[in-house]
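*Asks:* Just one file: work-v1.cif, with mmCIF, C-alpha atoms.
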data_coords
loop_
_atom_site.label_atom_id
_atom_site.label_comp_id
_atom_site.auth_asym_id
_atom_site.auth_seq_id
_atom_site.Cartn_x
_atom_site.Cartn_y
_atom_site.Cartn_z
CA MET A 263 0.00 0.00 0.00
CA MET A 264 1.27 3.46 -0.93
CA ASP A 265 2.42 5.60 2.02
CA CYS A 266 1.46 9.22 2.65
CA LEU A 267 4.77 10.67 1.46
CA GLU A 268 4.61 8.86 -1.86
CA PHE A 269 0.96 9.82 -2.28
CA ARG A 270 1.78 13.48 -1.73
CA ARG A 271 4.61 13.34 -4.23
CA GLN A 272 2.32 11.87 -6.88
CA ALA A 273 -0.60 14.14 -6.08
CA GLY A 274 1.61 17.22 -5.99
CA ALA A 275 2.89 16.48 -9.48
CA ASP A 276 -0.40 15.55 -11.15
CA PRO A 277 -3.45 15.79 -8.89
CA GLN A 278 -5.87 15.43 -11.81
CA HIS A 279 -4.58 12.03 -12.91
CA LEU A 280 -3.95 9.83 -9.92
CA GLY A 281 -3.15 6.18 -10.45
CA PRO A 282 -5.28 3.41 -8.92
CA GLU A 283 -2.96 3.03 -5.89
CA ALA A 284 -3.02 6.72 -5.14
CA ARG A 285 -6.80 6.88 -5.46
CA GLU A 286 -7.07 3.92 -3.11
CA HIS A 287 -4.80 5.68 -0.64
CA ALA A 288 -6.88 8.86 -0.79
CA GLY A 289 -9.98 6.80 -0.11
CA ALA A 290 -8.40 5.31 3.00
CA CYS A 291 -6.46 8.27 4.44
CA LYS A 292 -8.44 11.29 5.60
CA GLN A 293 -5.42 13.58 5.82
CA CYS A 294 -4.29 12.76 2.29
CA ALA A 295 -7.83 13.12 0.95
CA GLY A 296 -7.86 16.61 2.47
CA HIS A 297 -4.44 17.31 1.00
CA LEU A 298 -5.69 16.25 -2.43
CA ALA A 299 -8.74 18.49 -2.12
CA GLY A 300 -6.39 21.37 -1.34
CA LEU A 301 -4.28 20.60 -4.42
CA LEU A 302 -7.31 20.44 -6.67
CA ALA A 303 -8.52 23.75 -5.28
CA LEU A 304 -5.07 25.22 -5.93
CA ASP A 305 -5.21 23.99 -9.52
CA GLU A 306 -8.52 25.80 -9.98
CA ARG A 307 -6.90 29.01 -8.75
CA ILE A 308 -3.85 28.48 -10.97
CA LEU A 309 -6.05 27.92 -13.99
CA ALA A 310 -8.04 31.08 -13.30
CA ALA A 311 -4.80 33.05 -13.01
CA LEU A 312 -3.33 31.56 -16.20
CA GLN A 313 -6.36 32.49 -18.27
CA VAL A 314 -5.24 35.98 -19.17
CA PRO A 315 -7.47 37.81 -21.64
CA VAL A 316 -6.69 37.06 -25.28
CA PRO A 317 -6.42 39.98 -27.75
CA GLY A 318 -9.25 40.08 -30.23
CA THR A 319 -11.74 38.35 -27.97
CA ALA A 320 -14.65 39.99 -26.19
CA ALA A 321 -13.12 39.39 -22.76
CA ALA A 322 -9.81 41.02 -23.57
CA PRO A 323 -9.00 44.53 -22.46
CA GLY A 324 -8.50 46.87 -25.37
CA ARG A 325 -4.85 46.51 -26.24
CA GLY A 326 -5.46 44.31 -29.29
CA GLY A 327 -6.08 47.00 -31.89
CA ALA A 328 -3.03 49.01 -30.90
CA ALA A 329 -0.87 45.92 -30.91
CA ILE A 330 -1.89 44.95 -34.41
CA ALA A 331 -1.17 48.47 -35.62
CA VAL A 332 2.50 48.17 -34.76
CA LEU A 333 2.90 44.82 -36.45
CA ASP A 334 3.73 44.31 -40.07
CA ARG A 335 0.22 44.99 -41.32
CA ARG A 336 0.63 43.40 -44.72
CA ARG A 337 1.75 40.06 -43.36
CA TRP A 338 -0.92 40.20 -40.69
CA MET A 339 -3.63 40.86 -43.24
CA ALA A 340 -2.42 38.00 -45.43
CA LEU A 341 -2.60 35.64 -42.51
CA ALA A 342 -5.95 37.01 -41.35
CA ALA A 343 -7.44 36.68 -44.83
CA SER A 344 -6.34 33.09 -45.15
CA ILE A 345 -7.64 32.24 -41.71
CA ILE A 346 -10.99 33.99 -42.14
CA GLY A 347 -11.47 32.39 -45.54
CA GLY A 348 -10.51 29.09 -44.07
CA VAL A 349 -12.92 29.43 -41.22
CA LEU A 350 -15.86 29.80 -43.58
CA VAL A 351 -15.02 26.75 -45.66
CA GLY A 352 -13.63 24.87 -42.72
CA THR A 353 -16.77 25.29 -40.68
CA LEU A 354 -18.76 23.63 -43.44
CA LEU A 355 -16.27 20.78 -43.58
CA TRP A 356 -16.27 20.53 -39.82
CA VAL A 357 -20.03 20.13 -39.57
CA GLY A 358 -20.45 17.89 -42.57
CA GLY A 359 -17.32 15.78 -42.30
CA PRO A 360 -16.52 12.79 -40.15
CA ARG A 361 -14.34 14.82 -37.82
CA ASN A 362 -15.53 16.54 -34.68
CA SER A 363 -13.09 18.44 -32.50
CA LEU A 364 -15.00 17.79 -29.28
CA ALA A 365 -15.08 14.09 -30.11
CA GLN A 366 -11.37 14.17 -30.87
CA ASP A 367 -10.57 15.89 -27.61
CA LEU A 368 -12.61 13.26 -25.76
CA ILE A 369 -10.74 10.42 -27.44
CA GLU A 370 -7.42 12.10 -26.77
CA HIS A 371 -8.40 12.45 -23.13
CA LEU A 372 -9.30 8.76 -22.91
CA ASP A 373 -5.88 7.91 -24.29
CA HIS A 374 -4.37 9.58 -21.23
CA GLU A 375 -6.16 7.24 -18.83
CA PRO A 376 -6.23 3.81 -20.46
CA GLU A 377 -6.11 2.06 -17.08
CA ALA A 378 -9.59 3.38 -16.27
CA LEU A 379 -11.37 1.48 -19.03
CA VAL A 380 -11.34 -2.07 -17.71
CA ALA A 381 -14.12 -4.58 -17.18
CA THR A 382 -14.64 -5.13 -13.46
CA ASN A 383 -17.40 -5.63 -10.94
CA ARG A 384 -15.56 -3.62 -8.30
CA PRO A 385 -17.24 -0.28 -7.65
CA GLU A 386 -15.34 2.96 -7.18
CA LYS A 387 -14.95 3.99 -3.54
CA ASP A 388 -17.91 6.03 -2.32
CA THR A 389 -15.63 8.76 -0.98
CA VAL A 390 -13.85 9.17 -4.32
CA LEU A 391 -17.07 9.08 -6.32
CA GLY A 392 -18.74 11.49 -3.92
CA LYS A 393 -15.95 14.06 -4.30
CA VAL A 394 -15.92 13.79 -8.08
CA LEU A 395 -19.69 14.27 -8.31
CA GLU A 396 -19.62 17.16 -5.87
CA ARG A 397 -16.89 18.94 -7.82
CA GLY A 398 -18.81 18.33 -11.03
CA GLY A 399 -22.04 19.73 -9.59
CA ILE A 400 -24.06 16.59 -10.20
CA ARG A 401 -25.70 13.72 -8.31
CA LEU A 402 -26.34 10.20 -9.53
CA ARG A 403 -29.73 8.65 -9.02
CA PRO A 404 -29.86 5.09 -7.60
CA GLU A 405 -30.63 3.51 -10.98
CA THR A 406 -27.14 4.38 -12.28
CA PRO A 407 -25.12 1.41 -13.60
CA LEU A 408 -22.12 0.34 -11.52
CA VAL A 409 -19.45 3.06 -11.53
CA SER A 410 -15.99 1.48 -11.45
CA TYR A 411 -13.87 4.61 -11.88
CA ALA A 412 -14.33 8.26 -11.05
CA SER A 413 -11.93 11.13 -11.48
CA SER A 414 -12.14 14.91 -11.67
CA CYS A 415 -10.36 15.64 -14.92
CA ARG A 416 -9.18 18.78 -16.62
CA PHE A 417 -10.89 18.99 -19.99
CA ARG A 418 -10.99 22.05 -22.23
CA GLY A 419 -10.17 24.33 -19.34
CA HIS A 420 -12.74 22.94 -16.93
CA THR A 421 -12.78 20.26 -14.27
CA VAL A 422 -15.29 17.62 -15.28
CA PRO A 423 -16.41 14.26 -13.91
CA HIS A 424 -14.85 11.35 -15.81
CA LEU A 425 -16.64 8.12 -14.93
CA VAL A 426 -16.46 4.56 -16.17
CA VAL A 427 -19.68 2.55 -15.87
CA GLN A 428 -19.93 -1.20 -16.33
CA THR A 429 -22.51 -2.47 -18.81
CA THR A 430 -23.32 -5.85 -20.32
CA GLY A 431 -21.47 -4.67 -23.42
CA GLY A 432 -18.32 -3.81 -21.45
CA PRO A 433 -16.96 -0.71 -19.73
CA VAL A 434 -18.19 2.62 -21.03
CA THR A 435 -16.73 6.06 -20.34
CA VAL A 436 -19.03 8.88 -19.29
CA MET A 437 -17.84 12.49 -19.29
CA VAL A 438 -20.19 15.10 -17.84
CA LEU A 439 -19.52 18.33 -19.71
CA ARG A 440 -21.30 21.21 -18.03
CA ASN A 441 -19.56 23.74 -20.28
CA GLU A 442 -19.98 22.06 -23.68
CA ARG A 443 -23.36 22.42 -25.33
CA PRO A 444 -23.63 20.98 -28.86
CA ALA A 445 -26.64 22.21 -30.82
CA ALA A 446 -27.68 18.63 -31.53
CA PRO A 447 -26.61 15.13 -30.50
CA VAL A 448 -23.26 14.12 -31.98
CA HIS A 449 -22.39 10.54 -32.94
CA PHE A 450 -18.86 9.51 -33.72
CA ASP A 451 -17.04 6.33 -34.53
CA GLU A 452 -13.29 6.68 -34.92
CA GLN A 453 -9.94 5.47 -33.63
CA GLY A 454 -11.56 2.36 -32.22
CA PHE A 455 -14.12 4.30 -30.17
CA ALA A 456 -17.83 4.86 -30.64
CA GLY A 457 -19.45 7.77 -28.88
CA ARG A 458 -22.44 9.97 -28.39
CA ILE A 459 -22.46 13.51 -27.08
CA VAL A 460 -25.95 14.37 -25.98
CA PRO A 461 -27.11 17.84 -24.85
CA ALA A 462 -28.19 17.56 -21.22
CA GLY A 463 -28.79 19.98 -18.38
CA PRO A 464 -26.74 23.15 -18.89
CA GLY A 465 -24.19 21.28 -21.07
CA SER A 466 -23.91 17.76 -22.36
CA ILE A 467 -22.98 14.20 -21.49
CA ALA A 468 -20.54 12.17 -23.57
CA VAL A 469 -20.80 8.39 -23.58
CA ILE A 470 -17.92 6.53 -25.21
CA GLY A 471 -17.48 2.80 -25.69
CA ALA A 472 -15.61 0.35 -27.85
CA ASP A 473 -15.92 0.56 -31.61
CA GLY A 474 -19.30 -0.85 -32.69
CA ALA A 475 -20.87 -0.69 -29.22
CA ASP A 476 -24.59 0.02 -29.06
CA LEU A 477 -24.60 3.11 -26.89
CA GLY A 478 -28.25 4.04 -27.30
CA GLU A 479 -29.51 2.29 -24.19
CA ILE A 480 -26.58 3.18 -21.97
CA ALA A 481 -26.73 6.84 -23.05
CA ALA A 482 -30.43 6.94 -22.16
CA ARG A 483 -29.77 5.33 -18.76
CA VAL A 484 -26.94 7.71 -17.98
CA LEU A 485 -28.99 10.71 -19.03
CA ALA A 486 -31.79 9.60 -16.74
CA ALA A 487 -29.38 8.93 -13.88
CA VAL A 488 -27.59 12.29 -13.81
CA GLU A 489 -29.12 15.00 -11.69
CA TRP A 490 -27.65 18.47 -12.31
CA LEU A 491 -27.19 20.69 -9.30
CA ASP A 492 -27.24 24.46 -9.52
CA ASP A 493 -23.86 26.26 -9.78
CA MET B 96 -5.91 9.27 -37.19
CA ASN B 97 -5.46 10.63 -40.66
CA ALA B 98 -7.19 13.95 -40.81
CA PRO B 99 -8.26 15.98 -43.83
CA LEU B 100 -5.22 18.26 -43.96
CA ALA B 101 -4.22 17.80 -47.58
CA GLY B 102 -5.32 19.99 -50.50
CA LYS B 103 -7.68 22.97 -50.41
CA HIS B 104 -10.00 21.41 -47.87
CA GLY B 105 -6.96 20.77 -45.75
CA GLU B 106 -6.00 24.44 -45.88
CA ALA B 107 -9.42 25.39 -44.62
CA ALA B 108 -9.34 22.80 -41.87
CA PHE B 109 -5.86 23.92 -40.89
CA ALA B 110 -6.97 27.54 -40.68
CA THR B 111 -9.92 26.56 -38.51
CA LEU B 112 -7.65 24.56 -36.29
CA CYS B 113 -5.32 27.53 -35.81
CA ASP B 114 -8.26 29.75 -35.02
CA GLU B 115 -9.54 27.33 -32.39
CA LEU B 116 -6.13 26.96 -30.79
CA ARG B 117 -5.19 30.63 -30.90
CA PRO B 118 -6.36 31.50 -27.34
CA ASP B 119 -4.31 28.63 -25.90
CA LEU B 120 -1.33 29.55 -28.06
CA PHE B 121 -1.49 33.18 -27.01
CA ARG B 122 -1.73 32.32 -23.31
CA PHE B 123 1.13 29.84 -23.61
CA ALA B 124 3.26 32.48 -25.34
CA PHE B 125 2.26 35.02 -22.72
CA TRP B 126 3.41 32.79 -19.87
CA LEU B 127 6.65 32.05 -21.69
CA ALA B 128 7.41 35.71 -22.29
CA ARG B 129 5.43 37.27 -19.43
CA ASP B 130 4.71 40.15 -21.76
CA ARG B 131 1.57 40.69 -23.83
CA SER B 132 3.15 42.43 -26.80
CA VAL B 133 5.94 39.84 -27.05
CA ALA B 134 3.32 37.09 -26.85
CA GLU B 135 1.34 38.66 -29.69
CA ASP B 136 4.47 38.88 -31.85
CA VAL B 137 5.44 35.31 -31.04
CA VAL B 138 2.00 33.95 -31.94
CA GLN B 139 1.86 35.93 -35.17
CA GLU B 140 5.27 34.72 -36.32
CA ALA B 141 4.58 31.18 -35.19
CA LEU B 142 1.28 31.00 -37.09
CA LEU B 143 2.98 32.30 -40.22
CA ARG B 144 5.66 29.64 -39.92
CA ALA B 145 3.04 26.98 -39.21
CA TRP B 146 1.05 28.04 -42.26
CA ARG B 147 4.12 27.79 -44.49
CA SER B 148 5.01 24.34 -43.24
CA ARG B 149 1.47 23.03 -42.80
CA ASP B 150 2.17 20.16 -45.21
CA SER B 151 4.38 18.58 -42.59
CA LEU B 152 1.41 18.22 -40.28
CA THR B 153 -0.44 15.08 -41.33
CA GLU B 154 -2.57 14.42 -38.26
CA VAL B 155 -4.97 16.86 -36.67
CA GLY B 156 -4.39 15.17 -33.31
CA ALA B 157 -0.74 16.22 -33.43
CA ALA B 158 -1.52 19.88 -34.18
CA LYS B 159 -1.44 21.23 -30.66
CA PRO B 160 1.98 19.86 -29.63
CA TRP B 161 3.30 20.77 -33.08
CA LEU B 162 2.14 24.38 -32.73
CA LEU B 163 3.45 24.57 -29.17
CA THR B 164 6.87 23.50 -30.42
CA ILE B 165 6.77 26.28 -33.03
CA ILE B 166 5.72 28.80 -30.36
CA ARG B 167 8.61 27.74 -28.11
CA ARG B 168 11.13 28.05 -30.94
CA GLU B 169 9.75 31.40 -32.02
CA HIS B 170 9.88 32.67 -28.47
CA ALA B 171 13.52 31.56 -28.19
CA ARG B 172 14.34 33.35 -31.47
CA LEU B 173 12.64 36.55 -30.40
CA TYR B 174 14.24 36.37 -26.99
CA GLU B 175 17.67 36.05 -28.61
CA ARG B 176 17.00 39.01 -30.89
CA ARG B 177 15.68 41.30 -28.19
CA ARG B 178 18.04 40.32 -25.37
CA HIS B 179 15.35 41.18 -22.85
CA VAL B 180 16.34 43.23 -19.87
CA THR B 181 15.56 41.75 -16.49
CA VAL B 182 12.74 43.42 -14.63
CA SER B 183 11.24 42.73 -11.26
CA VAL B 184 8.13 40.66 -10.78
CA ASP B 185 6.31 43.69 -9.42
CA GLU B 186 7.10 45.59 -12.61
CA LEU B 187 5.95 42.68 -14.73
CA VAL B 188 2.69 42.26 -12.86
CA GLY B 189 2.22 45.99 -12.76
CA SER B 190 2.68 46.36 -16.49
CA GLU B 191 0.33 43.48 -17.11
CA SER B 192 -2.41 44.08 -14.64
CA PRO B 193 -3.80 47.64 -14.69
CA GLU B 194 -6.64 46.75 -17.03
CA LEU B 195 -7.10 43.33 -15.53
CA ALA B 196 -7.14 44.59 -11.97
CA ALA B 197 -10.42 46.33 -12.60
CA VAL B 198 -12.18 43.16 -13.64
CA GLU B 199 -10.38 40.40 -11.79
CA GLN B 200 -10.44 39.42 -8.16
CA GLN B 201 -7.51 40.18 -5.91
CA GLU B 202 -7.05 36.47 -5.30
CA THR B 203 -6.52 35.79 -9.00
CA LEU B 204 -3.99 38.61 -9.16
CA ASP B 205 -2.15 37.18 -6.14
CA VAL B 206 -1.89 33.77 -7.80
CA ARG B 207 -0.83 35.40 -11.06
CA ARG B 208 1.90 37.29 -9.22
CA ALA B 209 3.12 34.02 -7.68
CA ILE B 210 3.20 32.31 -11.08
CA PHE B 211 5.07 35.27 -12.55
CA ALA B 212 7.71 34.76 -9.88
CA LEU B 213 8.23 31.05 -10.61
CA GLU B 214 11.44 30.16 -12.42
CA ASP B 215 10.96 29.23 -16.09
CA ASP B 216 11.81 25.59 -15.36
CA TYR B 217 8.80 25.33 -13.07
CA ARG B 218 6.38 27.72 -14.72
CA GLU B 219 6.52 26.25 -18.22
CA PRO B 220 5.55 22.64 -17.39
CA LEU B 221 2.88 23.90 -15.01
CA VAL B 222 1.32 26.04 -17.75
CA MET B 223 1.44 23.09 -20.15
CA GLN B 224 -0.29 20.85 -17.64
CA VAL B 225 -2.90 23.10 -16.02
CA LEU B 226 -3.74 25.47 -18.88
CA LEU B 227 -3.15 23.30 -21.94
CA GLY B 228 -4.07 19.92 -20.46
CA LEU B 229 -0.95 18.13 -21.72
CA SER B 230 -0.04 14.82 -20.11
CA THR B 231 3.26 14.57 -18.26
CA GLN B 232 4.64 12.45 -21.12
CA GLN B 233 3.64 15.10 -23.67
CA ILE B 234 5.31 17.76 -21.52
CA ALA B 235 8.42 15.61 -21.31
CA ASP B 236 8.46 15.31 -25.10
CA GLN B 237 8.08 19.07 -25.51
CA LEU B 238 10.81 19.95 -23.05
CA GLY B 239 13.21 17.14 -23.91
CA LEU B 240 13.11 15.83 -20.35
CA THR B 241 12.31 12.49 -18.77
CA GLN B 242 8.79 12.05 -17.44
CA SER B 243 10.26 11.68 -13.99
CA ALA B 244 12.01 15.06 -14.26
CA VAL B 245 8.74 16.66 -15.36
CA LEU B 246 6.91 15.16 -12.38
CA THR B 247 9.56 16.56 -10.05
CA ARG B 248 9.27 20.02 -11.58
CA LEU B 249 5.49 19.98 -11.38
CA PHE B 250 5.61 18.88 -7.75
CA ARG B 251 8.05 21.66 -6.88
CA ALA B 252 6.11 24.25 -8.85
CA ARG B 253 2.98 23.57 -6.81
CA GLN B 254 5.00 23.45 -3.62
CA LYS B 255 6.51 26.87 -4.37
CA LEU B 256 3.12 28.33 -5.22
CA ARG B 257 1.56 27.02 -2.05
CA ARG B 258 4.37 28.52 0.00
CA ALA B 259 4.07 31.82 -1.87
CA LEU B 260 0.34 31.88 -1.23
CA GLY B 261 0.73 31.21 2.47
CA GLY B 262 0.05 27.48 2.55
CA THR B 263 1.99 24.82 4.39
CA THR B 264 4.01 22.08 2.68
CA GLU B 265 4.77 19.99 5.72
CA GLY B 266 4.89 16.23 5.28
CA GLU B 267 5.68 16.36 1.57
CA GLY B 268 9.43 15.92 1.58
CA GLU B 269 11.50 17.94 -0.83
#
Could the structure of this file be written out as structure tokens, please?

*Replies:*
Amino acid sequence: MMDCLEFRRQAGADPQHLGPEAREHAGACKQCAGHLAGLLALDERILAALQVPVPGTAAAPGRGGAAIAVLDRRRWMALAASIIGGVLVGTLLWVGGPRNSLAQDLIEHLDHEPEALVATNRPEKDTVLGKVLERGGIRLRPETPLVSYASSCRFRGHTVPHLVVQTTGGPVTVMVLRNERPAAPVHFDEQGFAGRIVPAGPGSIAVIGADGADLGEIAARVLAAVEWLDD
Amino acid sequence: MNAPLAGKHGEAAFATLCDELRPDLFRFAFWLARDRSVAEDVVQEALLRAWRSRDSLTEVGAAKPWLLTIIRREHARLYERRRHVTVSVDELVGSESPELAAVEQQETLDVRRAIFALEDDYREPLVMQVLLGLSTQQIADQLGLTQSAVLTRLFRARQKLRRALGGTTEGEGE
């Protein structure tokens, strides 16, 4: 069993992606669970501080125009024209094509935590699951399938619940995305994964399984099981 | 995954990709340079270079680390050219924050000041992890370090920040 010093070294380096041993330790050691909560809270503060306003966006203070004026305007305009033109055509390709950036980001995220997606009948510890749900602003109703893994993960600048639920068709990943709201349900099937991103509550829920999995039923069950709490 | 990055459609997709990633690229450049105008120059030059060599990018999934590498190189070039003078953290924060101070909480400014004060070796991997969501292996690849060295730097970065912000680091070892 991992000791407190080793846990704190691991958690201090990467509190968002603890290994199974570290998560087990946090579930069993109150002091280390508190330490982890402090680290996750620190990460939230760090993220807020790192998100400086970006020139040219609505949230940015007004230095952008002046900055552009002192740059080589001709080269800037050439780049801007190509990007703006590209955005128009690219948006059409994006919507109509097989590629979806949110789906890609989800798959990339899953690649970071391959150990989570295993078939098991061992449920995640209540304390771990409870913290993840609380941080994600959700509750799970009793009819939820068995949750074997829970982690608060950094995804597109937000901390989101990353769960793995066990189904008859194998383990399925569920990501609760309060800050991502697609206009319509998204289906994807690429890189060995099948997925659905379904608008739900203030955002959406992504359900991702193995290539060819029938996610219709599990998506419906997950949607029914998630209760969104107010911010 | 092979992504549609070849031909005219590829150009459009590439431009869209750059547009989507621009906020992250700017913030990364900002935390490298700790200066808004330098960050803007770095991003502009980096995007021009990326556009010229876009044919070498064959997978959309690899775009972010690829662009981050270009940003880092461009920042190093600009840094060499300008031979930046050293200024104090208070000056840096002061030059950065007047407009932000009006709209941001004091706590955020305190954390920002502490991050400004971190040495480059600690600040850069922390930005890559917390802001850009890179894995420790991806950070190691970017910085040419072992994963273990990256983990040590990330641990120390958080430890330094917690000390700077008045927290205790007892029971963590060095």

*Asks:* For B:Arg117, work out the shell of residues within 12 Å, counting all atoms listed in the file and skipping chain neighbours fewer than 2 positions away, then give it as a PyMOL selection string.

*Replies:* (chain A and resi 315-319+345) or (chain B and resi 110-115+119-125+134-135+137-139+141-142+158-159+162-163+166+227)

*Asks:* In Å, with one decimal, what is the gap from atom CA of B:Asp205 to atom CA of B:Leu260?

*Replies:*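 Between atom CA of B:Asp205 and atom CA of B:Leu260 the gap is 7.6 Å.
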
*Asks:* Where does the PyMOL selection byres ((chain A and resi 450) around 10) land in this file, that is, which residues does it pick, as a tab-separated table (two decimals) with C-alpha atoms, in the frame of the given file?

*Replies:*
chain	number	residue	atom	x	y	z
A	360	PRO	CA	-16.52	12.79	-40.15
A	361	ARG	CA	-14.34	14.82	-37.82
A	362	ASN	CA	-15.53	16.54	-34.68
A	365	ALA	CA	-15.08	14.09	-30.11
A	366	GLN	CA	-11.37	14.17	-30.87
A	448	VAL	CA	-23.26	14.12	-31.98
A	449	HIS	CA	-22.39	10.54	-32.94
A	451	ASP	CA	-17.04	6.33	-34.53
A	452	GLU	CA	-13.29	6.68	-34.92
A	453	GLN	CA	-9.94	5.47	-33.63
A	455	PHE	CA	-14.12	4.30	-30.17
A	456	ALA	CA	-17.83	4.86	-30.64
A	457	GLY	CA	-19.45	7.77	-28.88
A	458	ARG	CA	-22.44	9.97	-28.39
A	459	ILE	CA	-22.46	13.51	-27.08
A	470	ILE	CA	-17.92	6.53	-25.21
A	473	ASP	CA	-15.92	0.56	-31.61

*Asks:* Residues of chain B within 7 Å of chain A, counting only C-alpha atoms, what are they? List them as an MDAnalysis selection string.

*Replies:* chainID B and resid 96 106:108 110:111 118 121:122 132 143 194 203:204 206:207 225:226 228 230 246:247 249:250 253 266:267

*Asks:* Selection from above, C-alpha atoms, as a tab-separated table (two decimals), keeping the file's coordinate frame, can you write it?

*Replies:*
chain	number	residue	atom	x	y	z
B	96	MET	CA	-5.91	9.27	-37.19
B	106	GLU	CA	-6.00	24.44	-45.88
B	107	ALA	CA	-9.42	25.39	-44.62
B	108	ALA	CA	-9.34	22.80	-41.87
B	110	ALA	CA	-6.97	27.54	-40.68
B	111	THR	CA	-9.92	26.56	-38.51
B	118	PRO	CA	-6.36	31.50	-27.34
B	121	PHE	CA	-1.49	33.18	-27.01
B	122	ARG	CA	-1.73	32.32	-23.31
B	132	SER	CA	3.15	42.43	-26.80
B	143	LEU	CA	2.98	32.30	-40.22
B	194	GLU	CA	-6.64	46.75	-17.03
B	203	THR	CA	-6.52	35.79	-9.00
B	204	LEU	CA	-3.99	38.61	-9.16
B	206	VAL	CA	-1.89	33.77	-7.80
B	207	ARG	CA	-0.83	35.40	-11.06
B	225	VAL	CA	-2.90	23.10	-16.02
B	226	LEU	CA	-3.74	25.47	-18.88
B	228	GLY	CA	-4.07	19.92	-20.46
B	230	SER	CA	-0.04	14.82	-20.11
B	246	LEU	CA	6.91	15.16	-12.38
B	247	THR	CA	9.56	16.56	-10.05
B	249	LEU	CA	5.49	19.98	-11.38
B	250	PHE	CA	5.61	18.88	-7.75
B	253	ARG	CA	2.98	23.57	-6.81
B	266	GLY	CA	4.89	16.23	5.28
B	267	GLU	CA	5.68	16.36	1.57

*Asks:* Check the smallest atom-to-atom distance from each of B:His170, B:Arg208, B:Arg129, B:Arg248 to B:Gln224 using all atoms listed in the file, then report the winner.

*Replies:*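 Of all the options, B:Arg248 lies closest to B:Gln224.
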
*Asks:* Once you count all atoms listed in the file, which residues end up no further than 12 Å from (-29.1, 22.4, -8.5) in the file's frame, shown as a list of chain:residue names?

*Replies:* A:Glu396, A:Gly398, A:Gly399, A:Ile400, A:Arg401, A:Gly463, A:Pro464, A:Val488, A:Glu489, A:Trp490, A:Leu491, A:Asp492, A:Asp493

*Asks:* Convert the output of the PyMOL selection byres ((chain B and resi 213) around 10) on the shown file into explicit residues, formatted as a list in words.

*Replies:*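 For this structure, the PyMOL selection byres ((chain B and resi 213) around 10) captures Val184, Arg208, Ala209, Ile210, Phe211, Ala212, Glu214, Asp215, Asp216, Tyr217, Arg218, Glu219, Leu221, Ala252, Arg253, Lys255, Leu256 and Ala259 of chain B.
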
*Asks:* Which distance in Å separates atom CA of A:Gly431 and atom CA of A:Leu477, to one decimal?

*Replies:* 9.1 Å

*Asks:* For A:Ala462, which residue out of A:Ile480, A:Leu364, A:Ala487, A:Leu372 is the nearest one, using only C-alpha atoms?

*Replies:*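 Using only C-alpha atoms, the shortest distance to A:Ala462 belongs to A:Ala487.
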
*Asks:* I need every residue sitting at most 8 Å from the point (-18.9, 23.8, -18.7) (coordinates as in the file, all atoms listed in the file considered), written as an NGL selection string.

*Replies:* :A and (420 or 422 or 439-442 or 464-465)

*Asks:* Could you jot down the atom CA of B:Gln201 to atom CA of A:Lys393 separation for me, Å, one decimal place?

*Replies:*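 Going from atom CA of B:Gln201 over to atom CA of A:Lys393 covers 27.5 Å.
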
*Asks:* So, counting all atoms listed in the file, which residue among A:Pro282, A:Met264, A:Pro433, A:Pro461 is closest to A:Cys294?

*Replies:* A:Met264
